[in-house]
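K.L.:
Below is the structure I would like to discuss, written out as structure tokens.
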Amino acid sequence: MNIGYGREEMAQAIAQQIMRVPYFNTFTDTTTPPVANFAARLAEVAPGPLNHVFFSTGGSVANDSAVRIAHHYFSRLGRPSKKKIISRVKGYHGSTYLTSSLTGFDDYHEHFHTMSELVEFVSCPYPYRRPDGMSLGAFCDSLVQELEDKIVALGAENVAAFIAEPILGSGGVIVPPEGYHRRTWEVCQKYDVLYISDEVVTGFGRLGHWFASEDVYGVVPDMITSAKGITSGYLPLGATLLSDQIHEVMSSETYGAGYFAHGFTYSGHPVACAAGLMNMEIIERDGILEHVRDAGPYFEERLATLLDLPIVGDVRGSHFMLCAEFVADKETKALFSDEVDIGSRIAKVAERRGLIVRPLGHLAVLSPPLILTRAEIDELVEMLRASIVEVMDGLLRDGVWG
Ligand code: PLP
């Protein structure tokens, strides 16, 4: 809910578009003004060459579409063997058949058939849990080397793309080490592997920019996928932004006959795109990106004060995408047992106190509206502190910990 709840103008924009044209079938090779206008607005704010948009209905479908685009692109270039996608352990990319295969969680693969012939994984860039004694610099070197080794082992002629969230969200709000993004992008460029930046969470202001890839991390991806904040959650919408180069290959007869056989009934839904346009208008008019850039470091600083609590092992994230990681032993970073269910325990107490946090295993994840003021940040952190202390006291009293 990037722009926050109860935005009257959003409700009006949605209602007006419903009365004007609620739906139009894009299979007729035409479109509606909000779709064209929104695509143009996205191209304006996206990194340089990303000037084309494929609209869908959410993040999973946006990622699914990105993979199909990558496959079609290399096939039209006469390199049909370039199909494999490299993803990361703890990366989350969705719940369709294909994107659940791209997701690096064991429970997304157990009890399912996954597309293991298509997807390969490299390690999670998780600084807090890097090998003991390894410097951050050496850790980053090893991750970059691992990606290069993986491409070489698979054969660059078989690898279509690398997909990565700038900050791993559902995997645990994991911020890769300094330099990681740029260096992995350079490896991709070296081997002509497309770089797909999954900005489903980081897009639309959560890190203080429309998109984080270039503005925060200096990477110009070949594709960016977006959802969630693209309408601030008011309506379902997904977008796959692609470069001029990819679009040219997919649409020009120079690259042989064939068209991109991919599309959904609700590709380019006019009402969702009208919501997207209004969302951007509000973010811009209210200076929400500037607010996040201003208040984000304060939020990080305030949350870091929780590190004085004996069960808070790590506090991390960036701007309005943050989390606290709980440990039973700060020295060894040992986790609480599953029975303690520390994340849910803290989330329940926090909810009773009026604060909703997302329990994610042993984490408390915070992804609040981007309009949170400094005073509200103070209040949030105090409520979380009180909740953690209450749970800690309970665990001590019951002899479960301490
Ligand atoms: N990619 C990332 C980084 C996500 O966090 C999510 C959802 O949480 C998705 C993709 C999938 O998006 P959706 O749930 O809209 O399909």
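Chain labels follow the order of the structure tokens: the first chain is A, the next B, and so on; residue numbering restarts at 1 in every chain, and ligands are counted from 1 in their shown order.
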Give as a ChimeraX atom specification the residues surrounding ligand 1 up to a distance of 10 Å, considering only C-alpha atoms and all ligand atoms.
P.N.:
/A:56-64,91-96,99-100,103,164-171,197-203,225-228,233,236-238
K.L.:
Give me the residues within 9 Å of stretch 338-342 of chain A as a list in words, counting only C-alpha atoms and dropping any in the same chain fewer than 4 places off.
P.N.:
Phe326, Val327, Ile346, Ala347, Pro359, Gly361, His362, Leu363, Val391, Leu395 and Val400 of chain A
K.L.:
Using C-alpha atoms, can you write the selected residues to a file as a PDB file, in the first residue's frame?
P.N.:
```
ATOM      1  CA  PHE A 326      15.861 -13.131  15.992  1.00  0.00           C
ATOM      2  CA  VAL A 327      18.436 -15.525  17.411  1.00  0.00           C
ATOM      3  CA  ILE A 346       6.423 -11.786  18.294  1.00  0.00           C
ATOM      4  CA  ALA A 347       3.993 -10.936  15.473  1.00  0.00           C
ATOM      5  CA  PRO A 359       6.339 -13.184  10.631  1.00  0.00           C
ATOM      6  CA  GLY A 361      10.329 -17.888  10.199  1.00  0.00           C
ATOM      7  CA  HIS A 362      12.636 -16.202  12.700  1.00  0.00           C
ATOM      8  CA  LEU A 363      12.133 -12.736  11.234  1.00  0.00           C
ATOM      9  CA  VAL A 391       8.044 -12.346  24.336  1.00  0.00           C
ATOM     10  CA  LEU A 395      10.441 -17.307  27.220  1.00  0.00           C
ATOM     11  CA  VAL A 400      12.467 -21.981  27.193  1.00  0.00           C
TER      12      VAL A 400
END
```
K.L.:
Enumerate as an MDAnalysis selection string all residues of stretch 76-310 of chain A assigned to alpha helix (DSSP H) by DSSP on the backbone, naming them with the chain letters and numbers the document uses.
P.N.:
chainID A and resid 76 97:102 136:154 180:190 212:215 244:251 270:285 288:304
K.L.:
Which residue, A:Val35, A:Val193, A:Val122, A:Val173, has the smallest gap to A:Ser367 when you use only C-alpha atoms?
P.N.:
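Smallest separation from A:Ser367 among the options: A:Val173.
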K.L.:
What's the 9 Å shell around A:Tyr73, counting only C-alpha atoms, without same-chain residues fewer than 6 positions away, as a ChimeraX atom specification?
P.N.:
/A:79-80,246-247,249-250
K.L.:
Generate the output file for the selected residues, N, CA and C atoms, as a PDB file, in the first residue's frame.
P.N.:
```pdb
ATOM      1  N   ARG A  79      19.496 -18.510 -31.724  1.00  0.00           N
ATOM      2  CA  ARG A  79      20.261 -19.199 -30.670  1.00  0.00           C
ATOM      3  C   ARG A  79      19.283 -19.901 -29.717  1.00  0.00           C
ATOM      4  N   PRO A  80      18.527 -20.857 -30.238  1.00  0.00           N
ATOM      5  CA  PRO A  80      17.445 -21.463 -29.447  1.00  0.00           C
ATOM      6  C   PRO A  80      17.932 -22.292 -28.253  1.00  0.00           C
ATOM      7  N   ILE A 246      15.595  -5.960 -27.093  1.00  0.00           N
ATOM      8  CA  ILE A 246      14.762  -7.165 -27.048  1.00  0.00           C
ATOM      9  C   ILE A 246      13.502  -6.948 -27.886  1.00  0.00           C
ATOM     10  N   HIS A 247      12.907  -5.783 -27.730  1.00  0.00           N
ATOM     11  CA  HIS A 247      11.670  -5.503 -28.471  1.00  0.00           C
ATOM     12  C   HIS A 247      11.915  -5.527 -29.981  1.00  0.00           C
ATOM     13  N   VAL A 249      14.198  -7.209 -31.656  1.00  0.00           N
ATOM     14  CA  VAL A 249      14.383  -8.576 -32.144  1.00  0.00           C
ATOM     15  C   VAL A 249      13.041  -9.320 -32.201  1.00  0.00           C
ATOM     16  N   MET A 250      12.205  -9.070 -31.200  1.00  0.00           N
ATOM     17  CA  MET A 250      10.934  -9.794 -31.140  1.00  0.00           C
ATOM     18  C   MET A 250       9.917  -9.303 -32.166  1.00  0.00           C
TER      19      MET A 250
END
```
K.L.:
Which neighbours of A:Arg385 fall inside 9 Å, counting only C-alpha atoms, when residues of the same chain fewer than 5 positions from it are skipped, and could you give them as a PyMOL selection string?
P.N.:
chain A and resi 306+309+380+390
K.L.:
Counting only C-alpha atoms, which residue out of A:His269, A:His291, A:Arg316, A:Arg68 sits closest to A:Pro33?
P.N.:
A:His269
K.L.:
Which parts of stretch 116-308 of chain A does DSSP call strand (DSSP E or B) when run on the backbone here, written out as a PyMOL selection string?
P.N.:
chain A and resi 119-122+159-164+168+174+194-198+223-226+238-243
